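Just below is one structure, and these are the notes that go with it.
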Amino acid sequence: MKSKLLPILFIILVLINGFLIFMLLKKPHQNSVQRQHKERDFLTNKLKYTEHQKTKFISLDHIHRASMMRLDQQIRKHKEVMFNSFSNSTKNIDSLAALIGELEGKKEVEVFHFFKSVRKICTKEQKKQFDKIITEALKGGKNGPPRKGKIHPAIPR
């Protein structure tokens, strides 16, 4: 009786572990997609976009995300080369660091152009609200919760 029960319990445990691993691996992807939609929805709701404006915004967002992903991949590639060259003295670390810095600068320009394009699809009233949102974001956001354990800028130390 015990010898027959052991293999059955083993198979059940393996199936449960496989299911749990699947759920853990699937969940981060869902969270990433949900976070992207929350970021999109934040602006479209705050600015009270029309359906036509939402469509344009989503198109701009797709282009922007693709560009940012491409730049991030290039940065990761150069950082990988740099940090894998500890034993290789022929790599010029300064030039790699300068290239990474240049790519980071391109990311900042890309973000600027994205928001400039987003602002262009706004009405006059929406542009005022958009400018307030951007100004608040640059200040660090007074009403938002602290990010990643950092002390909130509006809280005195």
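Each chain in the structure tokens gets a letter, A, B and so on, in the order shown; residues start at 1 in every chain, and ligands are counted from 1 in the order they appear.
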Exercise: Leu99 (chain A) partners within 10 Å, only C-alpha atoms, chain neighbours under 6 positions left out, as a ChimeraX atom specification: /A:74-75,78-79,93,105
Include N, CA and C atoms and write out the residues we just selected as a tab-separated table (two decimals), in the first residue's frame.
chain	number	residue	atom	x	y	z
A	74	GLN	N	21.01	48.60	-26.62
A	74	GLN	CA	22.36	49.04	-26.96
A	74	GLN	C	23.16	49.35	-25.70
A	75	ILE	N	22.54	50.01	-24.75
A	75	ILE	CA	23.23	50.34	-23.49
A	75	ILE	C	23.62	49.06	-22.77
A	78	HIS	N	26.66	47.41	-24.43
A	78	HIS	CA	27.92	48.08	-24.15
A	78	HIS	C	28.34	47.90	-22.69
A	79	LYS	N	27.39	47.89	-21.79
A	79	LYS	CA	27.72	47.64	-20.38
A	79	LYS	C	28.23	46.22	-20.18
A	93	ILE	N	37.88	51.44	-21.76
A	93	ILE	CA	36.73	51.64	-20.88
A	93	ILE	C	36.18	53.06	-21.01
A	105	GLY	N	21.96	59.97	-23.13
A	105	GLY	CA	21.54	61.29	-23.60
A	105	GLY	C	20.49	61.18	-24.69
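Proximity ranking of A:Ile16, A:Leu47, A:Leu5, A:Met23 relative to Lys128 (chain A) places A:Leu47 first, based on only C-alpha atoms.
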Residue contacts of region 50-56 of chain A (10 Å, only C-alpha atoms) excluding same-chain residues fewer than 5 positions away, as a PDB file with all heavy atoms, in the first residue's frame:
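Ended up saving to result_30.pdb:
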ATOM      1  N   ARG A  40      -0.440  54.833 -19.439  1.00  0.00           N
ATOM      2  CA  ARG A  40      -1.182  55.415 -20.551  1.00  0.00           C
ATOM      3  C   ARG A  40      -2.483  56.032 -20.046  1.00  0.00           C
ATOM      4  O   ARG A  40      -2.821  57.149 -20.399  1.00  0.00           O
ATOM      5  CB  ARG A  40      -1.549  54.330 -21.566  1.00  0.00           C
ATOM      6  CG  ARG A  40      -0.563  54.130 -22.627  1.00  0.00           C
ATOM      7  CD  ARG A  40      -1.177  53.242 -23.676  1.00  0.00           C
ATOM      8  NE  ARG A  40      -0.122  52.502 -24.308  1.00  0.00           N
ATOM      9  CZ  ARG A  40      -0.250  51.301 -24.819  1.00  0.00           C
ATOM     10  NH1 ARG A  40      -1.378  50.666 -24.758  1.00  0.00           N
ATOM     11  NH2 ARG A  40       0.769  50.713 -25.388  1.00  0.00           N
ATOM     12  N   ASP A  41      -3.201  55.255 -19.263  1.00  0.00           N
ATOM     13  CA  ASP A  41      -4.499  55.713 -18.771  1.00  0.00           C
ATOM     14  C   ASP A  41      -4.367  56.957 -17.908  1.00  0.00           C
ATOM     15  O   ASP A  41      -5.262  57.802 -17.896  1.00  0.00           O
ATOM     16  CB  ASP A  41      -5.202  54.599 -17.995  1.00  0.00           C
ATOM     17  CG  ASP A  41      -5.621  53.440 -18.897  1.00  0.00           C
ATOM     18  OD1 ASP A  41      -5.630  53.614 -20.133  1.00  0.00           O
ATOM     19  OD2 ASP A  41      -5.924  52.359 -18.358  1.00  0.00           O
ATOM     20  N   LEU A  43      -2.346  59.593 -18.183  1.00  0.00           N
ATOM     21  CA  LEU A  43      -2.328  60.800 -19.016  1.00  0.00           C
ATOM     22  C   LEU A  43      -3.637  60.984 -19.779  1.00  0.00           C
ATOM     23  O   LEU A  43      -4.183  62.089 -19.808  1.00  0.00           O
ATOM     24  CB  LEU A  43      -1.166  60.756 -20.007  1.00  0.00           C
ATOM     25  CG  LEU A  43       0.111  61.453 -19.595  1.00  0.00           C
ATOM     26  CD1 LEU A  43       1.167  61.347 -20.680  1.00  0.00           C
ATOM     27  CD2 LEU A  43      -0.099  62.883 -19.201  1.00  0.00           C
ATOM     28  N   THR A  44      -4.136  59.926 -20.370  1.00  0.00           N
ATOM     29  CA  THR A  44      -5.356  60.070 -21.165  1.00  0.00           C
ATOM     30  C   THR A  44      -6.542  60.460 -20.290  1.00  0.00           C
ATOM     31  O   THR A  44      -7.404  61.230 -20.735  1.00  0.00           O
ATOM     32  CB  THR A  44      -5.673  58.790 -21.959  1.00  0.00           C
ATOM     33  OG1 THR A  44      -5.791  57.691 -21.060  1.00  0.00           O
ATOM     34  CG2 THR A  44      -4.612  58.510 -22.998  1.00  0.00           C
ATOM     35  N   ASN A  45      -6.575  59.980 -19.062  1.00  0.00           N
ATOM     36  CA  ASN A  45      -7.664  60.351 -18.149  1.00  0.00           C
ATOM     37  C   ASN A  45      -7.487  61.761 -17.606  1.00  0.00           C
ATOM     38  O   ASN A  45      -8.440  62.532 -17.546  1.00  0.00           O
ATOM     39  CB  ASN A  45      -7.767  59.358 -16.988  1.00  0.00           C
ATOM     40  CG  ASN A  45      -8.271  58.008 -17.441  1.00  0.00           C
ATOM     41  OD1 ASN A  45      -8.922  57.884 -18.467  1.00  0.00           O
ATOM     42  ND2 ASN A  45      -7.954  56.976 -16.682  1.00  0.00           N
ATOM     43  N   ASP A  61       2.953  56.305 -28.346  1.00  0.00           N
ATOM     44  CA  ASP A  61       3.505  55.510 -27.247  1.00  0.00           C
ATOM     45  C   ASP A  61       4.202  54.256 -27.763  1.00  0.00           C
ATOM     46  O   ASP A  61       5.279  53.900 -27.292  1.00  0.00           O
ATOM     47  CB  ASP A  61       2.389  55.148 -26.266  1.00  0.00           C
ATOM     48  CG  ASP A  61       2.924  54.494 -25.010  1.00  0.00           C
ATOM     49  OD1 ASP A  61       3.792  55.104 -24.342  1.00  0.00           O
ATOM     50  OD2 ASP A  61       2.480  53.373 -24.688  1.00  0.00           O
ATOM     51  N   SER A 117       5.526  65.577 -28.720  1.00  0.00           N
ATOM     52  CA  SER A 117       4.526  65.055 -29.654  1.00  0.00           C
ATOM     53  C   SER A 117       3.179  64.854 -28.971  1.00  0.00           C
ATOM     54  O   SER A 117       2.128  65.119 -29.563  1.00  0.00           O
ATOM     55  CB  SER A 117       4.991  63.727 -30.253  1.00  0.00           C
ATOM     56  OG  SER A 117       6.175  63.902 -30.980  1.00  0.00           O
ATOM     57  N   VAL A 118       3.220  64.370 -27.725  1.00  0.00           N
ATOM     58  CA  VAL A 118       1.982  64.181 -26.968  1.00  0.00           C
ATOM     59  C   VAL A 118       1.310  65.527 -26.747  1.00  0.00           C
ATOM     60  O   VAL A 118       0.091  65.662 -26.869  1.00  0.00           O
ATOM     61  CB  VAL A 118       2.261  63.469 -25.619  1.00  0.00           C
ATOM     62  CG1 VAL A 118       1.046  63.504 -24.709  1.00  0.00           C
ATOM     63  CG2 VAL A 118       2.705  62.033 -25.864  1.00  0.00           C
ATOM     64  N   ILE A 121      -0.889  66.979 -29.655  1.00  0.00           N
ATOM     65  CA  ILE A 121      -2.233  66.465 -29.925  1.00  0.00           C
ATOM     66  C   ILE A 121      -3.254  66.993 -28.913  1.00  0.00           C
ATOM     67  O   ILE A 121      -4.433  66.686 -29.011  1.00  0.00           O
ATOM     68  CB  ILE A 121      -2.272  64.916 -29.970  1.00  0.00           C
ATOM     69  CG1 ILE A 121      -1.928  64.294 -28.618  1.00  0.00           C
ATOM     70  CG2 ILE A 121      -1.391  64.394 -31.074  1.00  0.00           C
ATOM     71  CD1 ILE A 121      -2.088  62.787 -28.588  1.00  0.00           C
ATOM     72  N   CYS A 122      -2.799  67.825 -27.981  1.00  0.00           N
ATOM     73  CA  CYS A 122      -3.687  68.389 -26.960  1.00  0.00           C
ATOM     74  C   CYS A 122      -4.377  69.658 -27.451  1.00  0.00           C
ATOM     75  O   CYS A 122      -3.835  70.391 -28.271  1.00  0.00           O
ATOM     76  CB  CYS A 122      -2.897  68.741 -25.695  1.00  0.00           C
ATOM     77  SG  CYS A 122      -2.202  67.328 -24.826  1.00  0.00           S
ATOM     78  N   THR A 123      -5.544  69.912 -26.872  1.00  0.00           N
ATOM     79  CA  THR A 123      -6.219  71.188 -27.102  1.00  0.00           C
ATOM     80  C   THR A 123      -5.535  72.238 -26.225  1.00  0.00           C
ATOM     81  O   THR A 123      -4.671  71.916 -25.410  1.00  0.00           O
ATOM     82  CB  THR A 123      -7.710  71.105 -26.714  1.00  0.00           C
ATOM     83  OG1 THR A 123      -7.796  70.856 -25.309  1.00  0.00           O
ATOM     84  CG2 THR A 123      -8.432  70.023 -27.495  1.00  0.00           C
TER      85      THR A 123
END
Of the candidates A:Asn88, A:Arg65, A:Leu13, A:Leu60, which shows the shortest atom-to-atom distance to Lys116 (chain A), using only C-alpha atoms?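 Of the candidates, the smallest distance to Lys116 (chain A) is held by A:Leu60.
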Considering only C-alpha atoms, can you say which of A:Gly18, A:Ile58, A:Ser67, A:Glu39 comes closest to Glu108 (chain A)?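 Once distances to Glu108 (chain A) are computed over only C-alpha atoms, the minimum belongs to A:Ser67.
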One decimal, Å: what's the distance from CA of Lys107 (chain A) over to CA of Leu71 (chain A), could you say? 6.8 Å
Pick from A:Phe83, A:Phe42, A:Ile133, A:Ala98: nearest to Phe57 (chain A), with only C-alpha atoms counted? A:Phe42
Residues of region 86-147 of chain A classed as alpha helix (DSSP H) by DSSP on the backbone are to be reported as an MDAnalysis selection string. chainID A and resid 93:120 124:139
d(CA of Arg119 (chain A), CA of Glu102 (chain A)) in Å: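 Atom-to-atom, CA of Arg119 (chain A) and CA of Glu102 (chain A) are spaced 25.7 Å apart.
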